[in-house]
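Q: My structure is below; once you've seen it, I'll send some questions.
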Amino acid sequence: MGTGGRIFAITYAEGSRTGGLQPWVGMGSAKAALESLVRYFAVTVARRGITVNAISPGWTEDSVLNTLPEEVQKLIRGWHTRGWTPMGRLGTPEDIGNVVALFCSADTGWITGQVIYADGGASLMNPEIPSEIQLA
């Protein structure tokens, strides 16, 4: 029996559950495969006391978002502050780091093979219904 450990993969935006953003077809497919690999790998190393999980951050400040054209950044930020993210803001690198720190603790040693959505609740929203109705 091993001494344990933690392995994390960083995925994004529900990589295994989306499929409409055509410019990112390669990245979306790769992230979905990564989420599947997390589950298989979690089973493989579980008896060694090692957990394997994926973190799926939502749109985050100081990230790839900052490389997009300014008008796209404004649209995404506005979309989140108007309610697409129930917490009313984009994430921060610290938000994601806090999730990693949490799952490195001994208290989370029973959680493995999971995708953890750190997105302020954005993954809970239904894209077919305006956020104003969902949050009313």
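Labels for the structure tokens follow display order: chains A, B, ..., residues from 1 in each chain, ligands from 1.
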For Thr108 of chain A, work out the shell of residues within 12 Å, counting only C-alpha atoms and skipping chain neighbours fewer than 3 positions away, then give it as a PyMOL selection string.

A: chain A and resi 4-6+49-53+99-105+111-112+114

Q: Using only C-alpha atoms, determine which residues lie at most 10 Å from segment 68-77 of chain A, disregarding the query and same-chain residues fewer than 5 positions distant; provide the list as a VMD selection string.

A: chain A and resid 59 to 61 63 82 84 to 85 88 to 90

Q: So what do you get for atom CA of Val115 of chain A versus atom CA of Gly83 of chain A, distance-wise?

A: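 According to the coordinates, atom CA of Val115 of chain A and atom CA of Gly83 of chain A are separated by 23.1 Å.
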
Q: Within chain A, find each residue whose DSSP state, derived from the backbone, is alpha helix (DSSP H), and express the selection as a ChimeraX atom specification.

A: /A:25-45,70-79,93-104,131-134

Q: Write a file of the just-selected residues containing C-alpha atoms, as a PDB file, in the first residue's frame.

A:
ATOM      1  CA  VAL A  25     -13.445  21.734 -31.293  1.00  0.00           C
ATOM      2  CA  GLY A  26      -9.920  20.355 -30.799  1.00  0.00           C
ATOM      3  CA  MET A  27      -9.523  21.718 -27.289  1.00  0.00           C
ATOM      4  CA  GLY A  28     -13.042  20.704 -26.233  1.00  0.00           C
ATOM      5  CA  SER A  29     -12.514  17.158 -27.478  1.00  0.00           C
ATOM      6  CA  ALA A  30      -9.142  16.916 -25.747  1.00  0.00           C
ATOM      7  CA  LYS A  31     -10.597  18.178 -22.455  1.00  0.00           C
ATOM      8  CA  ALA A  32     -13.441  15.647 -22.661  1.00  0.00           C
ATOM      9  CA  ALA A  33     -10.869  12.900 -23.180  1.00  0.00           C
ATOM     10  CA  LEU A  34      -8.885  14.249 -20.219  1.00  0.00           C
ATOM     11  CA  GLU A  35     -11.958  14.032 -17.982  1.00  0.00           C
ATOM     12  CA  SER A  36     -12.426  10.406 -19.042  1.00  0.00           C
ATOM     13  CA  LEU A  37      -8.759   9.687 -18.353  1.00  0.00           C
ATOM     14  CA  VAL A  38      -9.178  11.145 -14.842  1.00  0.00           C
ATOM     15  CA  ARG A  39     -11.872   8.559 -14.110  1.00  0.00           C
ATOM     16  CA  TYR A  40      -9.837   5.632 -15.451  1.00  0.00           C
ATOM     17  CA  PHE A  41      -6.656   6.777 -13.718  1.00  0.00           C
ATOM     18  CA  ALA A  42      -8.522   7.280 -10.429  1.00  0.00           C
ATOM     19  CA  VAL A  43      -9.487   3.599 -10.442  1.00  0.00           C
ATOM     20  CA  THR A  44      -5.946   2.541 -11.339  1.00  0.00           C
ATOM     21  CA  VAL A  45      -4.187   4.347  -8.464  1.00  0.00           C
ATOM     22  CA  GLU A  70     -11.438  43.493 -26.102  1.00  0.00           C
ATOM     23  CA  GLU A  71     -15.037  43.430 -27.339  1.00  0.00           C
ATOM     24  CA  VAL A  72     -15.259  39.681 -26.615  1.00  0.00           C
ATOM     25  CA  GLN A  73     -13.832  40.207 -23.120  1.00  0.00           C
ATOM     26  CA  LYS A  74     -16.466  42.883 -22.457  1.00  0.00           C
ATOM     27  CA  LEU A  75     -19.257  40.566 -23.635  1.00  0.00           C
ATOM     28  CA  ILE A  76     -18.075  37.709 -21.420  1.00  0.00           C
ATOM     29  CA  ARG A  77     -17.580  39.915 -18.350  1.00  0.00           C
ATOM     30  CA  GLY A  78     -20.984  41.551 -18.847  1.00  0.00           C
ATOM     31  CA  TRP A  79     -22.666  38.213 -19.355  1.00  0.00           C
ATOM     32  CA  PRO A  93      -6.684  32.466 -10.026  1.00  0.00           C
ATOM     33  CA  GLU A  94      -6.952  32.454  -6.216  1.00  0.00           C
ATOM     34  CA  ASP A  95     -10.428  30.869  -6.429  1.00  0.00           C
ATOM     35  CA  ILE A  96      -9.000  27.973  -8.415  1.00  0.00           C
ATOM     36  CA  GLY A  97      -5.938  27.705  -6.164  1.00  0.00           C
ATOM     37  CA  ASN A  98      -8.244  27.452  -3.163  1.00  0.00           C
ATOM     38  CA  VAL A  99      -9.965  24.445  -4.742  1.00  0.00           C
ATOM     39  CA  VAL A 100      -6.608  22.764  -5.275  1.00  0.00           C
ATOM     40  CA  ALA A 101      -5.598  23.491  -1.669  1.00  0.00           C
ATOM     41  CA  LEU A 102      -8.887  22.118  -0.388  1.00  0.00           C
ATOM     42  CA  PHE A 103      -8.542  18.868  -2.316  1.00  0.00           C
ATOM     43  CA  CYS A 104      -4.952  18.440  -1.144  1.00  0.00           C
ATOM     44  CA  SER A 131     -30.603  34.139 -16.759  1.00  0.00           C
ATOM     45  CA  GLU A 132     -33.080  36.859 -15.687  1.00  0.00           C
ATOM     46  CA  ILE A 133     -35.818  34.213 -15.517  1.00  0.00           C
ATOM     47  CA  GLN A 134     -33.624  31.627 -13.782  1.00  0.00           C
TER      48      GLN A 134
END

Q: So which residues of segment 40-121 of chain A fall under strand (DSSP E) by DSSP, listed as a tab-separated table (two decimals) with C-alpha atoms, in the first residue's frame?

A:
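Saved result, selection09.tsv, follows:
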chain	number	residue	atom	x	y	z
A	50	ILE	CA	-3.86	8.44	-4.52
A	51	THR	CA	-6.83	10.51	-5.60
A	52	VAL	CA	-7.26	11.83	-9.12
A	53	ASN	CA	-9.69	14.64	-9.86
A	54	ALA	CA	-10.25	17.30	-12.49
A	55	ILE	CA	-10.98	20.94	-11.79
A	56	SER	CA	-13.17	22.71	-14.31
A	57	PRO	CA	-12.85	26.44	-13.76
A	115	VAL	CA	-14.80	16.74	-12.08
A	116	ILE	CA	-15.05	19.67	-9.68
A	117	TYR	CA	-16.77	22.69	-11.23
A	118	ALA	CA	-15.25	25.86	-9.77

Q: Name the closest residue to His80 of chain A among the candidates A:Ile129, A:Thr11, A:Gly121, A:Thr3; distances are taken between atoms, counting only C-alpha atoms.

A: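 Nearest to His80 of chain A: A:Gly121.
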